[in-house]
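Structure first, commentary second.
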Amino acid sequence: MRTAVFRVVVLIVLVLLWEAATLMAGNTFFPSPGTIVARMHAMWFSGPPGTLFLTDVAIENILPSLGRMALGFAGGALAGVVLGLAVGLSARAYDYLDGVLQFLRAIPPPALVTVFLVLFGFGLRMQLAFIMFSIVWPVLLNTADGARSVEPLHLQTCQAFRLSRAERLLRVILPSALPKMFAGLRLALSLSLIVMVFSELLPGTTNGIGFQITDAYATFDLPAMWAGIVLLGVLGYLLNELFLVVERRVLAWHRAARDLVG
């Protein structure tokens, strides 16, 4: 409770300092927080109660962005977990592929935009493929590392009890890999928001938060541009907090076991 109150106080102080700085500067490129919040309300959250106060602009832009992000994250996370387990469970495969995976992980996704455009063209398919490719690596590598870090004693116990391969995977390997897997998923979640916005900045996009930011900049509507930027920050914070809630529930046993050992 004390930590939550402290966070709120720090946020309020920072916003007040931001407000004072923008008012003293009087620069049109940096509107005040009050102006930005008012524009956010007018653009997206002044709709009827039947649509949860979302305006038509919000439904046409925010929801498609979240949909792209969710689909891309789900596909990339699933591929990362499956491939990570396959690589991590085979010492030979890990040794052979580690260099290749590290090389692919190090390539900045924006550098491959042209490749994705050639393969998938403009539109939703390219955006989803771009998001999935960008986020698959942290999930894959963390899952593989988690699968490789299973205690040898646990594997020996599985052999002693003659557990099948599926039982070893579900009862021992997956639970042991979950902490590192969630670390990769958390990183992938924040990365999916970033690459989702980047994919909406490309030509051929007709909606989305990134598209709105680009359109606002092109028309010199700076409050609308900053409203989009602030909205992305808010969405990133809320999604991270929601993910932490899920992680704490799923890994409650792990935290309890760690405290017991400590």
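Residue numbers start at 1 in each chain; chains themselves are named A, B, ... in the order of the structure tokens; ligands are numbered from 1 in the order shown.
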Worksheet item: Please, which residues of range 11-249 of chain A, numbered as in this document, come out helix (DSSP H, G or I) from DSSP, as a VMD selection string?
Response: chain A and resid 11 to 25 33 to 44 49 to 51 56 to 88 91 to 106 109 to 120 124 to 148 152 to 160 165 to 200 209 to 218 222 to 249
Discussion item. Ranking A:Leu63, A:Leu174, A:Arg165, A:Arg125 by minimum distance to Ser149 in chain A and counting only C-alpha atoms, which one comes first?
Written reply: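 Among the listed residues, the smallest separation from Ser149 in chain A belongs to A:Leu174.
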Fill in: Distance criterion (only C-alpha atoms): nearest to Leu101 in chain A out of A:Asn142, A:Ser164, A:Ser46, A:Gln212
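Checking each of A:Asn142, A:Ser164, A:Ser46, A:Gln212 against Leu101 in chain A, counting only C-alpha atoms, the winner is A:Asn142.
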Discussion item. Using only C-alpha atoms, which protein or nucleic acid residues come within 6 Å of range 192-198 of chain A? Drop anything in the same chain fewer than 3 positions from it, and give the result as a VMD selection string.
Written reply: chain A and resid 69 131 188 to 189 201 210
Would you mind exporting N, CA and C atoms of the selected residues as a JSON list (two decimals), in the first residue's frame?
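Result written to part_7.json:
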[["chain", "number", "residue", "atom", "x", "y", "z"],
["A", 69, "MET", "N", -1.80, -6.34, -32.13],
["A", 69, "MET", "CA", -0.81, -6.65, -31.11],
["A", 69, "MET", "C", -1.12, -7.99, -30.45],
["A", 131, "ILE", "N", 5.33, -8.47, -36.43],
["A", 131, "ILE", "CA", 5.24, -8.53, -34.97],
["A", 131, "ILE", "C", 5.70, -9.89, -34.46],
["A", 188, "ALA", "N", 8.69, -9.79, -24.52],
["A", 188, "ALA", "CA", 8.00, -9.83, -25.81],
["A", 188, "ALA", "C", 6.75, -8.97, -25.80],
["A", 189, "LEU", "N", 6.07, -8.88, -24.66],
["A", 189, "LEU", "CA", 4.86, -8.07, -24.59],
["A", 189, "LEU", "C", 5.15, -6.59, -24.84],
["A", 201, "LEU", "N", 3.19, 2.70, -38.95],
["A", 201, "LEU", "CA", 3.77, 3.91, -39.53],
["A", 201, "LEU", "C", 4.12, 3.73, -41.00],
["A", 210, "GLY", "N", -0.57, 4.10, -34.40],
["A", 210, "GLY", "CA", 0.58, 4.61, -35.14],
["A", 210, "GLY", "C", 0.17, 5.43, -36.34]]
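The residue that comes closest to Arg171 in chain A, out of A:Leu128, A:Ala74, A:Leu185, A:Val150 and on the basis of only C-alpha atoms, is A:Val150.
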Worksheet item: Neighbours of Phe30 in chain A within 12 Å (only C-alpha atoms; same-chain residues fewer than 5 positions away dropped), as a PyMOL selection string?
Response: chain A and resi 18-25+35-36+221-227
Worksheet item: How far is it from CA of Thr51 in chain A to CA of Gly67 in chain A, in Å with one decimal?
Response: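 About the pair CA of Thr51 in chain A and CA of Gly67 in chain A: they are 17.0 Å apart.
With only C-alpha atoms as the atoms that count, the minimum distance from Leu170 in chain A to the choices A:Ile135, A:Leu85, A:Val9, A:Leu71 is reached by A:Leu85.
Compared by their closest atoms to Ala111 in chain A, and using only C-alpha atoms, the residues A:Leu251, A:Ser134, A:Leu140, A:Asn207 rank with A:Ser134 nearest.
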Item to complete: Rank nothing, just name the residue among A:Ala218, A:Leu124, A:Val82, A:Leu191 nearest to Pro64 in chain A, using only C-alpha atoms.
Response: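 Closest to Pro64 in chain A of all the choices is A:Leu124.
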Fill in: Residues within 12 Å of Leu244 in chain A, only C-alpha atoms, excluding chain neighbours under 6 positions, as number ranges by chain
A: 182-183, 185-187, 189, 237-238, 250-252
